[in-house]
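Participant: Please read through the structure below; I'll follow up with questions.
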There are 2 protein chains.
Amino acid sequence: MMQTEKLLQNVRLSQTNMRKEILDILDDSSLALSMNEIKLRLKSNYNRVTLYRNLKVLTEKGILHQIHIDRQDSKYVLPLKTDKAGEHDQEHLHFKCLMCNEVKCLTDQHPEQVVLPEGYEKIEVNFVVYGICRTCKNKN
Amino acid sequence: MMQTEKLLQNVRLSQTNMRKEILDILDDSSLALSMNEIKLRLKSNYNRVTLYRNLKVLTEKGILHQIHIDRQDSKYVLPLKTDKAGEHDQEHLHFKCLMCNEVKCLTDQHPEQVVLPEGYEKIEVNFVVYGICRTCKNKN
DNA sequence: CTATTTTTGCAACACTGTTGCAAATATTTT
DNA sequence: AAAATATTTGCAACAGTGTTGCAAAAATAG
């Protein structure tokens with residue numbers, strides 16, 4: 001169980017219905033969800049711009065994490081949920097199934113420490129593996 | 001020096017001006033380029049749909065490699081050029097500088113072999129590190 | 001409860017992705 | 001090399017997402 005109120009309070013964002021719903025939806029989901037998948041699960045008919053702005057601000061504040069799957073597809077996750085200890089930016093891989101398009105966090109797969117050339121500074125990483133998931137594989 | 005003709009011939013694509021220009025542009029560039037960056041370097045005023053279709057087909061045929069930087073940004077490289085031995089899909093990291101937006105292939109950084117859960121099949125990977133490059137760092 | 005701040009919905013525009021189709025170009029065949 | 005065939009191009013058009021400004025609505029602070 002998570003308290004969405006606390007999350008919003010910590011970063012000084014107002015407690016609006018849409019924000020609480022977004023966090024609940026992502027908390028309930030075992031998969032990373034796209035903006036549109038989130039939109040479909042919202043109870044009321046909210047405006048798409050508002051959703052866009054909320055996903056943006058929640059990501060900027062570090063509450064959500066955005067995974068850049070490909071040009072047409074980016075997904076959001078609640079890292080507080082998937083990572084054990086509340087470590088926001090634990091580096092881990094993401095897997096996208098090219099058949100069912102589902103995206104999973106491979107939280108047990110931490111990439112080795114990235115070594116950048118002299119003088120380069122790392123801020124964030126985005127590691128995606130594309131392939132076929134077990135469920136889709138068994139369908140054939 | 002590369003022979004763009006051979007590349008196109010190998011995959012049975014017609015030798016059109018735009019295709020030859022695209023390959024030359026990417027061959028000349030030390031950086032991964034976006035669709036728009038390629039468009040700006042084309043000599044004639046080609047149609048954007050044609051460019052889109054050519055980048056798509058060249059990527060599908062394996063001549064170009066597309067790097068998914070983020071939702072608004074994807075870049076193309078000529079892997080034959082950057083990888084030594086003509087190994088197309090050598091897994092390596094990409095680095096995007098968040099100040100100058102340049103994208104470099106970190107060809108000497110090969111990620112350790114990815115281990116997927118039982119029953120999952122890997123097809124492709126896309127690993128991007130975001131940060132600040134040396135040049136931008138020295139400007140401050 | 002009122003004043004202030006933040007958020008929402010709407011209109012509007014930009015850019016990229018995407019398709020269908022006819023005209024233009026490239027390739028193959030004779 | 002010209003004709004026949006196949007491929008590619010440019011254009012129109014539409015969809016989806018990103019993005020901004022602004023007034024109305026909602027949330028928070030006093």
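In the structure tokens, chains take letters A, B, ... by order of appearance, with residues numbered from 1 within each chain and ligands from 1 in the order shown.
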Neighbouring residues of D:DA27 were defined as those with any atom within 8 Å, considering only C-alpha atoms (C1' of nucleotides); residues of the same chain fewer than 2 positions away were excluded. Please report them as an MDAnalysis selection string.
Facilitator: (chainID A and resid 14:16) or (chainID C and resid 6)
Participant: Restricted to C-alpha atoms (C1' of nucleotides), what would the selected residues look like written as a PDB file, in the first residue's frame?
Facilitator:
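Contents of again-v3.pdb, freshly written:
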ATOM      1  CA  SER A  14      -1.244  19.970  -5.143  1.00  0.00           C
ATOM      2  CA  GLN A  15      -3.331  16.916  -4.413  1.00  0.00           C
ATOM      3  CA  THR A  16      -5.544  16.790  -7.458  1.00  0.00           C
TER       4      THR A  16
ATOM      5  C1'  DT C   6      -1.750  26.151  -8.628  1.00  0.00           C
TER       6       DT C   6
END
Participant: Check the DSSP output for the backbone and give back, as a ChimeraX atom specification, the residues of chain B in helix (DSSP H, G or I).
Facilitator: /B:4-10,17-28,35-41,48-60,79-82,134-139
Participant: Please save C-alpha atoms of the selected residues as an mmCIF file, in the first residue's frame.
Facilitator:
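Writing the result to selection.cif gives the following:
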data_model
loop_
_atom_site.group_PDB
_atom_site.id
_atom_site.type_symbol
_atom_site.label_atom_id
_atom_site.label_comp_id
_atom_site.auth_asym_id
_atom_site.auth_seq_id
_atom_site.Cartn_x
_atom_site.Cartn_y
_atom_site.Cartn_z
ATOM 1 C CA THR B 4 27.437 3.328 -51.072
ATOM 2 C CA GLU B 5 26.533 1.611 -54.317
ATOM 3 C CA LYS B 6 27.618 -1.756 -52.975
ATOM 4 C CA LEU B 7 25.611 -1.299 -49.800
ATOM 5 C CA LEU B 8 22.427 -0.599 -51.689
ATOM 6 C CA GLN B 9 23.073 -3.314 -54.216
ATOM 7 C CA ASN B 10 23.525 -5.931 -51.513
ATOM 8 C CA ASN B 17 20.240 10.240 -55.250
ATOM 9 C CA MET B 18 18.702 10.663 -51.861
ATOM 10 C CA ARG B 19 19.858 7.275 -50.648
ATOM 11 C CA LYS B 20 23.396 7.879 -51.820
ATOM 12 C CA GLU B 21 23.406 11.289 -50.168
ATOM 13 C CA ILE B 22 22.075 9.906 -46.887
ATOM 14 C CA LEU B 23 24.795 7.285 -46.757
ATOM 15 C CA ASP B 24 27.486 9.809 -47.635
ATOM 16 C CA ILE B 25 26.288 12.210 -44.972
ATOM 17 C CA LEU B 26 26.351 9.537 -42.300
ATOM 18 C CA ASP B 27 29.693 8.262 -43.510
ATOM 19 C CA ASP B 28 31.149 11.733 -43.150
ATOM 20 C CA MET B 35 16.284 12.774 -39.335
ATOM 21 C CA ASN B 36 16.234 16.521 -39.273
ATOM 22 C CA GLU B 37 19.992 16.862 -39.110
ATOM 23 C CA ILE B 38 20.235 14.620 -42.134
ATOM 24 C CA LYS B 39 17.573 16.632 -43.916
ATOM 25 C CA LEU B 40 19.492 19.865 -43.359
ATOM 26 C CA ARG B 41 22.583 18.345 -44.948
ATOM 27 C CA ARG B 48 10.169 14.713 -45.827
ATOM 28 C CA VAL B 49 8.049 11.608 -46.414
ATOM 29 C CA THR B 50 10.629 10.253 -48.798
ATOM 30 C CA LEU B 51 13.371 10.840 -46.281
ATOM 31 C CA TYR B 52 11.283 9.145 -43.627
ATOM 32 C CA ARG B 53 10.675 6.173 -45.879
ATOM 33 C CA ASN B 54 14.293 5.866 -46.857
ATOM 34 C CA LEU B 55 15.541 5.989 -43.292
ATOM 35 C CA LYS B 56 12.981 3.368 -42.462
ATOM 36 C CA VAL B 57 13.882 0.982 -45.259
ATOM 37 C CA LEU B 58 17.628 1.447 -44.763
ATOM 38 C CA THR B 59 17.178 0.657 -41.096
ATOM 39 C CA GLU B 60 15.026 -2.380 -41.843
ATOM 40 C CA PRO B 79 27.417 0.852 -38.191
ATOM 41 C CA LEU B 80 29.688 -0.371 -40.967
ATOM 42 C CA LYS B 81 31.587 2.783 -40.369
ATOM 43 C CA THR B 82 31.814 2.897 -36.613
ATOM 44 C CA ARG B 134 33.895 16.810 -22.032
ATOM 45 C CA THR B 135 33.547 19.756 -24.388
ATOM 46 C CA CYS B 136 30.492 21.130 -22.621
ATOM 47 C CA LYS B 137 32.006 20.484 -19.228
ATOM 48 C CA ASN B 138 35.033 22.607 -20.094
ATOM 49 C CA LYS B 139 32.835 25.517 -21.088
#
Participant: Would you write out, as a Markdown table, a table of all residues in chain C that have an atom no more than 10 Å from an atom of chain A, listing for each the closest atom pair and the distance in Å to one decimal, considering only C-alpha atoms (C1' of nucleotides) and ordering rows by chain and rising residue number?
Facilitator:
| residue | atom | partner | partner_atom | distance |
| --- | --- | --- | --- | --- |
| C:DT6 | C1' | A:Ser14 | CA | 7.1 |
| C:DT7 | C1' | A:Ser14 | CA | 8.0 |
| C:DT8 | C1' | A:Thr50 | CA | 6.6 |
| C:DG9 | C1' | A:Asn47 | CA | 6.3 |
| C:DC10 | C1' | A:Asn47 | CA | 8.9 |
| C:DT16 | C1' | A:Arg71 | CA | 9.3 |
| C:DG17 | C1' | A:Gln72 | CA | 8.3 |
Participant: Those same residues - N, CA and C atoms (P, O5', C5', C4', C3', O3' and C1' of nucleotides) - I'd like them written as a PDB file, in the first residue's frame.
Facilitator:
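Below you can see result-v2.pdb, which holds the result:
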ATOM      1  P    DT C   6       2.421  28.653  -6.643  1.00  0.00           P
ATOM      2  O5'  DT C   6       1.356  27.581  -7.161  1.00  0.00           O
ATOM      3  C5'  DT C   6       0.780  26.687  -6.215  1.00  0.00           C
ATOM      4  C4'  DT C   6      -0.203  25.793  -6.936  1.00  0.00           C
ATOM      5  C3'  DT C   6       0.363  25.143  -8.202  1.00  0.00           C
ATOM      6  O3'  DT C   6       0.164  23.761  -8.054  1.00  0.00           O
ATOM      7  C1'  DT C   6      -1.750  26.151  -8.628  1.00  0.00           C
ATOM      8  P    DT C   7       0.497  22.728  -9.227  1.00  0.00           P
ATOM      9  O5'  DT C   7      -0.912  22.610  -9.967  1.00  0.00           O
ATOM     10  C5'  DT C   7      -2.021  22.176  -9.223  1.00  0.00           C
ATOM     11  C4'  DT C   7      -3.235  22.111 -10.110  1.00  0.00           C
ATOM     12  C3'  DT C   7      -3.041  21.305 -11.398  1.00  0.00           C
ATOM     13  O3'  DT C   7      -4.086  20.352 -11.450  1.00  0.00           O
ATOM     14  C1'  DT C   7      -4.017  23.403 -11.868  1.00  0.00           C
ATOM     15  P    DT C   8      -4.173  19.308 -12.636  1.00  0.00           P
ATOM     16  O5'  DT C   8      -5.351  19.939 -13.524  1.00  0.00           O
ATOM     17  C5'  DT C   8      -6.625  20.105 -12.942  1.00  0.00           C
ATOM     18  C4'  DT C   8      -7.543  20.800 -13.917  1.00  0.00           C
ATOM     19  C3'  DT C   8      -7.644  20.113 -15.284  1.00  0.00           C
ATOM     20  O3'  DT C   8      -8.992  19.710 -15.476  1.00  0.00           O
ATOM     21  C1'  DT C   8      -7.242  22.471 -15.504  1.00  0.00           C
ATOM     22  P    DG C   9      -9.402  18.719 -16.668  1.00  0.00           P
ATOM     23  O5'  DG C   9      -9.820  19.755 -17.794  1.00  0.00           O
ATOM     24  C5'  DG C   9     -10.887  20.643 -17.538  1.00  0.00           C
ATOM     25  C4'  DG C   9     -11.077  21.570 -18.712  1.00  0.00           C
ATOM     26  C3'  DG C   9     -11.095  20.884 -20.081  1.00  0.00           C
ATOM     27  O3'  DG C   9     -12.198  21.435 -20.787  1.00  0.00           O
ATOM     28  C1'  DG C   9      -9.451  22.602 -20.050  1.00  0.00           C
ATOM     29  P    DC C  10     -12.633  20.845 -22.204  1.00  0.00           P
ATOM     30  O5'  DC C  10     -12.156  22.026 -23.167  1.00  0.00           O
ATOM     31  C5'  DC C  10     -12.435  23.374 -22.801  1.00  0.00           C
ATOM     32  C4'  DC C  10     -11.722  24.325 -23.753  1.00  0.00           C
ATOM     33  C3'  DC C  10     -11.583  23.792 -25.184  1.00  0.00           C
ATOM     34  O3'  DC C  10     -12.122  24.750 -26.077  1.00  0.00           O
ATOM     35  C1'  DC C  10      -9.518  24.603 -24.378  1.00  0.00           C
ATOM     36  P    DT C  16      10.555  16.898 -36.915  1.00  0.00           P
ATOM     37  O5'  DT C  16       9.982  15.411 -36.847  1.00  0.00           O
ATOM     38  C5'  DT C  16       9.836  14.810 -35.582  1.00  0.00           C
ATOM     39  C4'  DT C  16       8.841  13.689 -35.683  1.00  0.00           C
ATOM     40  C3'  DT C  16       9.146  12.681 -36.806  1.00  0.00           C
ATOM     41  O3'  DT C  16       9.317  11.420 -36.187  1.00  0.00           O
ATOM     42  C1'  DT C  16       6.848  13.308 -36.780  1.00  0.00           C
ATOM     43  P    DG C  17       9.575  10.104 -37.072  1.00  0.00           P
ATOM     44  O5'  DG C  17       8.120   9.515 -37.228  1.00  0.00           O
ATOM     45  C5'  DG C  17       7.372   9.214 -36.052  1.00  0.00           C
ATOM     46  C4'  DG C  17       6.077   8.521 -36.441  1.00  0.00           C
ATOM     47  C3'  DG C  17       6.226   7.434 -37.510  1.00  0.00           C
ATOM     48  O3'  DG C  17       5.427   6.327 -37.112  1.00  0.00           O
ATOM     49  C1'  DG C  17       4.650   9.035 -38.226  1.00  0.00           C
TER      50       DG C  17
END
Participant: Chain D near chain A within 12 Å: what's each residue's closest atom pair and its distance in Å to one decimal, counting only C-alpha atoms (C1' of nucleotides), ordered by chain then ascending residue number, as a tab-separated table?
Facilitator:
residue	atom	partner	partner_atom	distance
D:DG16	C1'	A:Gln72	CA	9.2
D:DT17	C1'	A:Gln72	CA	8.8
D:DG18	C1'	A:Tyr52	CA	8.6
D:DT19	C1'	A:Val49	CA	9.0
D:DT20	C1'	A:Val49	CA	10.7
D:DA26	C1'	A:Thr16	CA	8.4
D:DA27	C1'	A:Ser14	CA	6.5
D:DT28	C1'	A:Ser14	CA	7.8
Participant: Rank C:DA14, C:DC21, C:DA3, C:DA26 by their smallest atom-to-atom distance to D:DC11, using only C-alpha atoms (C1' of nucleotides), and report the top residue only.
Facilitator: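 Under the stated criterion, the closest residue is C:DC21.
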Participant: Counting only C-alpha atoms, which residues of chain A fall within 7 Å of chain B, and what is the closest atom pair for each with its distance in Å at one decimal, ordered by chain and rising number, as a Markdown table?
Facilitator:
| residue | atom | partner | partner_atom | distance |
| --- | --- | --- | --- | --- |
| A:His68 | CA | B:Asp70 | CA | 5.2 |
| A:Asp70 | CA | B:His68 | CA | 5.2 |
| A:Arg71 | CA | B:Arg71 | CA | 5.2 |
| A:Gln72 | CA | B:Arg71 | CA | 6.8 |
| A:Ser74 | CA | B:Arg71 | CA | 6.5 |
| A:Glu112 | CA | B:Glu112 | CA | 6.9 |
| A:Gly119 | CA | B:Arg134 | CA | 4.7 |
| A:Tyr120 | CA | B:Cys133 | CA | 4.7 |
| A:Glu121 | CA | B:Ile132 | CA | 5.1 |
| A:Lys122 | CA | B:Gly131 | CA | 4.4 |
| A:Ile123 | CA | B:Gly131 | CA | 4.6 |
| A:Glu124 | CA | B:Tyr130 | CA | 5.1 |
| A:Val125 | CA | B:Val129 | CA | 4.4 |
| A:Asn126 | CA | B:Val128 | CA | 5.2 |
| A:Phe127 | CA | B:Phe127 | CA | 4.3 |
| A:Val128 | CA | B:Asn126 | CA | 5.2 |
| A:Val129 | CA | B:Val125 | CA | 4.4 |
| A:Tyr130 | CA | B:Glu124 | CA | 5.1 |
| A:Gly131 | CA | B:Lys122 | CA | 4.4 |
| A:Ile132 | CA | B:Glu121 | CA | 5.1 |
| A:Cys133 | CA | B:Tyr120 | CA | 4.7 |
| A:Arg134 | CA | B:Gly119 | CA | 4.7 |
Participant: Those same residues, written as a short mmCIF file (atom, residue, chain, number, x, y, z; two decimals), in the first residue's frame with N, CA and C atoms?
Facilitator:
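Below you can see selection.cif, which holds the result:
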data_model
loop_
_atom_site.label_atom_id
_atom_site.label_comp_id
_atom_site.auth_asym_id
_atom_site.auth_seq_id
_atom_site.Cartn_x
_atom_site.Cartn_y
_atom_site.Cartn_z
N HIS A 68 12.34 5.38 -22.20
CA HIS A 68 12.22 5.71 -23.62
C HIS A 68 12.33 4.44 -24.44
N ASP A 70 10.93 3.52 -27.60
CA ASP A 70 11.34 3.88 -28.95
C ASP A 70 10.63 5.15 -29.32
N ARG A 71 10.79 5.56 -30.55
CA ARG A 71 10.30 6.86 -30.95
C ARG A 71 8.81 7.06 -30.66
N GLN A 72 8.04 5.99 -30.85
CA GLN A 72 6.60 6.14 -30.67
C GLN A 72 6.12 5.71 -29.29
N SER A 74 6.84 5.71 -25.09
CA SER A 74 7.58 5.85 -23.86
C SER A 74 6.66 5.46 -22.71
N GLU A 112 26.49 -3.55 -15.41
CA GLU A 112 27.76 -3.23 -14.76
C GLU A 112 27.96 -1.72 -14.79
N GLY A 119 36.46 12.84 -18.62
CA GLY A 119 35.84 14.15 -18.72
C GLY A 119 34.34 14.11 -18.96
N TYR A 120 33.80 12.92 -19.16
CA TYR A 120 32.36 12.79 -19.37
C TYR A 120 31.67 12.53 -18.04
N GLU A 121 30.48 13.12 -17.89
CA GLU A 121 29.74 12.90 -16.65
C GLU A 121 28.41 12.21 -16.92
N LYS A 122 28.14 11.16 -16.21
CA LYS A 122 26.87 10.44 -16.36
C LYS A 122 25.80 11.07 -15.49
N ILE A 123 24.60 11.23 -16.03
CA ILE A 123 23.50 11.76 -15.23
C ILE A 123 22.39 10.71 -15.10
N GLU A 124 22.12 10.01 -16.19
CA GLU A 124 21.03 9.05 -16.18
C GLU A 124 21.27 8.00 -17.25
N VAL A 125 20.61 6.87 -17.12
CA VAL A 125 20.75 5.86 -18.18
C VAL A 125 19.37 5.36 -18.60
N ASN A 126 19.31 4.80 -19.78
CA ASN A 126 18.08 4.21 -20.31
C ASN A 126 18.47 2.97 -21.11
N PHE A 127 18.27 1.82 -20.52
CA PHE A 127 18.69 0.57 -21.15
C PHE A 127 17.46 -0.27 -21.48
N VAL A 128 17.24 -0.51 -22.75
CA VAL A 128 16.08 -1.30 -23.16
C VAL A 128 16.52 -2.49 -24.00
N VAL A 129 15.97 -3.64 -23.68
CA VAL A 129 16.20 -4.85 -24.47
C VAL A 129 14.89 -5.19 -25.17
N TYR A 130 14.95 -5.41 -26.47
CA TYR A 130 13.77 -5.80 -27.23
C TYR A 130 13.81 -7.29 -27.51
N GLY A 131 12.66 -7.91 -27.49
CA GLY A 131 12.64 -9.34 -27.78
C GLY A 131 11.25 -9.92 -27.65
N ILE A 132 11.20 -11.21 -27.33
CA ILE A 132 9.91 -11.89 -27.19
C ILE A 132 9.81 -12.42 -25.76
N CYS A 133 8.70 -12.15 -25.13
CA CYS A 133 8.53 -12.59 -23.74
C CYS A 133 8.06 -14.04 -23.69
N ARG A 134 8.12 -14.62 -22.54
CA ARG A 134 7.77 -16.03 -22.39
C ARG A 134 6.35 -16.31 -22.84
#
Participant: Take atom CA of A:Leu64 and atom CA of B:Met99 and report the distance between them in Å, one decimal.
Facilitator: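 Taking atom CA of A:Leu64 as the start and atom CA of B:Met99 as the end point, the length is 22.7 Å.
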Participant: Using DSSP on the backbone, list every residue of chain B that comes out as strand (DSSP E or B), and give them as a CSV table (one decimal) with N, CA and C atoms, in the first residue's frame.
Facilitator:
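Dumped to result-v3.csv:
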chain,number,residue,atom,x,y,z
B,33,LEU,N,23.2,11.1,-36.3
B,33,LEU,CA,22.4,12.2,-36.7
B,33,LEU,C,20.9,11.9,-36.7
B,34,SER,N,20.1,12.9,-36.4
B,34,SER,CA,18.7,12.8,-36.4
B,34,SER,C,18.2,13.0,-37.8
B,65,HIS,N,21.6,2.0,-38.4
B,65,HIS,CA,21.1,1.6,-37.1
B,65,HIS,C,20.5,2.8,-36.4
B,66,GLN,N,19.3,2.6,-35.9
B,66,GLN,CA,18.6,3.7,-35.3
B,66,GLN,C,18.7,3.6,-33.7
B,67,ILE,N,19.1,4.7,-33.2
B,67,ILE,CA,19.2,4.8,-31.7
B,67,ILE,C,18.1,5.6,-31.1
B,68,HIS,N,17.4,5.0,-30.2
B,68,HIS,CA,16.2,5.7,-29.6
B,68,HIS,C,16.7,6.5,-28.4
B,69,ILE,N,16.9,7.8,-28.6
B,69,ILE,CA,17.5,8.6,-27.6
B,69,ILE,C,16.4,8.9,-26.6
B,70,ASP,N,15.3,9.6,-27.0
B,70,ASP,CA,14.2,9.8,-26.2
B,70,ASP,C,13.0,10.0,-27.1
B,73,ASP,N,13.6,12.3,-30.0
B,73,ASP,CA,14.9,12.3,-30.6
B,73,ASP,C,15.3,10.9,-30.9
B,74,SER,N,15.5,10.6,-32.2
B,74,SER,CA,16.1,9.3,-32.5
B,74,SER,C,17.2,9.6,-33.5
B,75,LYS,N,18.2,8.9,-33.5
B,75,LYS,CA,19.4,9.2,-34.3
B,75,LYS,C,19.8,8.0,-35.1
B,76,TYR,N,20.4,8.2,-36.2
B,76,TYR,CA,20.9,7.2,-37.1
B,76,TYR,C,22.4,7.1,-37.3
B,77,VAL,N,22.9,5.9,-37.3
B,77,VAL,CA,24.3,5.8,-37.6
B,77,VAL,C,24.5,4.7,-38.7
B,93,LEU,N,27.2,1.0,-26.1
B,93,LEU,CA,26.4,2.1,-25.5
B,93,LEU,C,26.5,3.3,-26.4
B,94,HIS,N,25.5,4.2,-26.1
B,94,HIS,CA,25.4,5.5,-26.8
B,94,HIS,C,25.4,6.5,-25.7
B,95,PHE,N,26.0,7.7,-26.0
B,95,PHE,CA,26.0,8.7,-25.0
B,95,PHE,C,25.4,10.0,-25.6
B,96,LYS,N,24.4,10.6,-24.9
B,96,LYS,CA,23.8,11.8,-25.3
B,96,LYS,C,24.1,12.9,-24.3
B,97,CYS,N,24.8,14.0,-24.8
B,97,CYS,CA,25.1,15.1,-24.0
B,97,CYS,C,23.8,16.0,-23.9
B,103,VAL,N,25.2,13.1,-29.9
B,103,VAL,CA,25.1,11.6,-29.6
B,103,VAL,C,26.4,10.9,-30.1
B,104,LYS,N,27.1,10.3,-29.3
B,104,LYS,CA,28.3,9.5,-29.7
B,104,LYS,C,28.1,8.1,-29.4
B,105,CYS,N,28.7,7.3,-30.3
B,105,CYS,CA,28.8,5.8,-30.0
B,105,CYS,C,30.0,5.6,-29.1
B,106,LEU,N,29.7,4.9,-28.0
B,106,LEU,CA,30.8,4.5,-27.1
B,106,LEU,C,31.2,3.1,-27.5
B,121,GLU,N,13.4,-14.1,-25.1
B,121,GLU,CA,14.4,-14.1,-26.1
B,121,GLU,C,14.8,-12.7,-26.5
B,122,LYS,N,16.1,-12.4,-26.5
B,122,LYS,CA,16.6,-11.1,-26.9
B,122,LYS,C,16.7,-11.0,-28.4
B,123,ILE,N,16.3,-9.8,-28.9
B,123,ILE,CA,16.4,-9.6,-30.3
B,123,ILE,C,17.4,-8.4,-30.6
B,124,GLU,N,17.2,-7.4,-29.8
B,124,GLU,CA,18.0,-6.2,-30.0
B,124,GLU,C,18.1,-5.4,-28.7
B,125,VAL,N,19.1,-4.5,-28.6
B,125,VAL,CA,19.2,-3.7,-27.4
B,125,VAL,C,19.4,-2.3,-27.8
B,126,ASN,N,19.1,-1.4,-26.9
B,126,ASN,CA,19.2,0.1,-27.0
B,126,ASN,C,19.7,0.6,-25.7
B,127,PHE,N,20.9,0.9,-25.6
B,127,PHE,CA,21.5,1.4,-24.3
B,127,PHE,C,22.0,2.8,-24.5
B,128,VAL,N,21.3,3.8,-23.7
B,128,VAL,CA,21.7,5.2,-23.8
B,128,VAL,C,22.1,5.7,-22.5
B,129,VAL,N,23.2,6.4,-22.4
B,129,VAL,CA,23.6,7.1,-21.2
B,129,VAL,C,23.5,8.6,-21.5
B,130,TYR,N,22.8,9.3,-20.5
B,130,TYR,CA,22.7,10.7,-20.7
B,130,TYR,C,23.7,11.4,-19.7
B,131,GLY,N,24.2,12.6,-20.1
B,131,GLY,CA,25.1,13.3,-19.2
B,131,GLY,C,25.7,14.5,-19.9
B,132,ILE,N,26.9,14.9,-19.5
B,132,ILE,CA,27.6,16.0,-20.0
B,132,ILE,C,28.9,15.6,-20.6
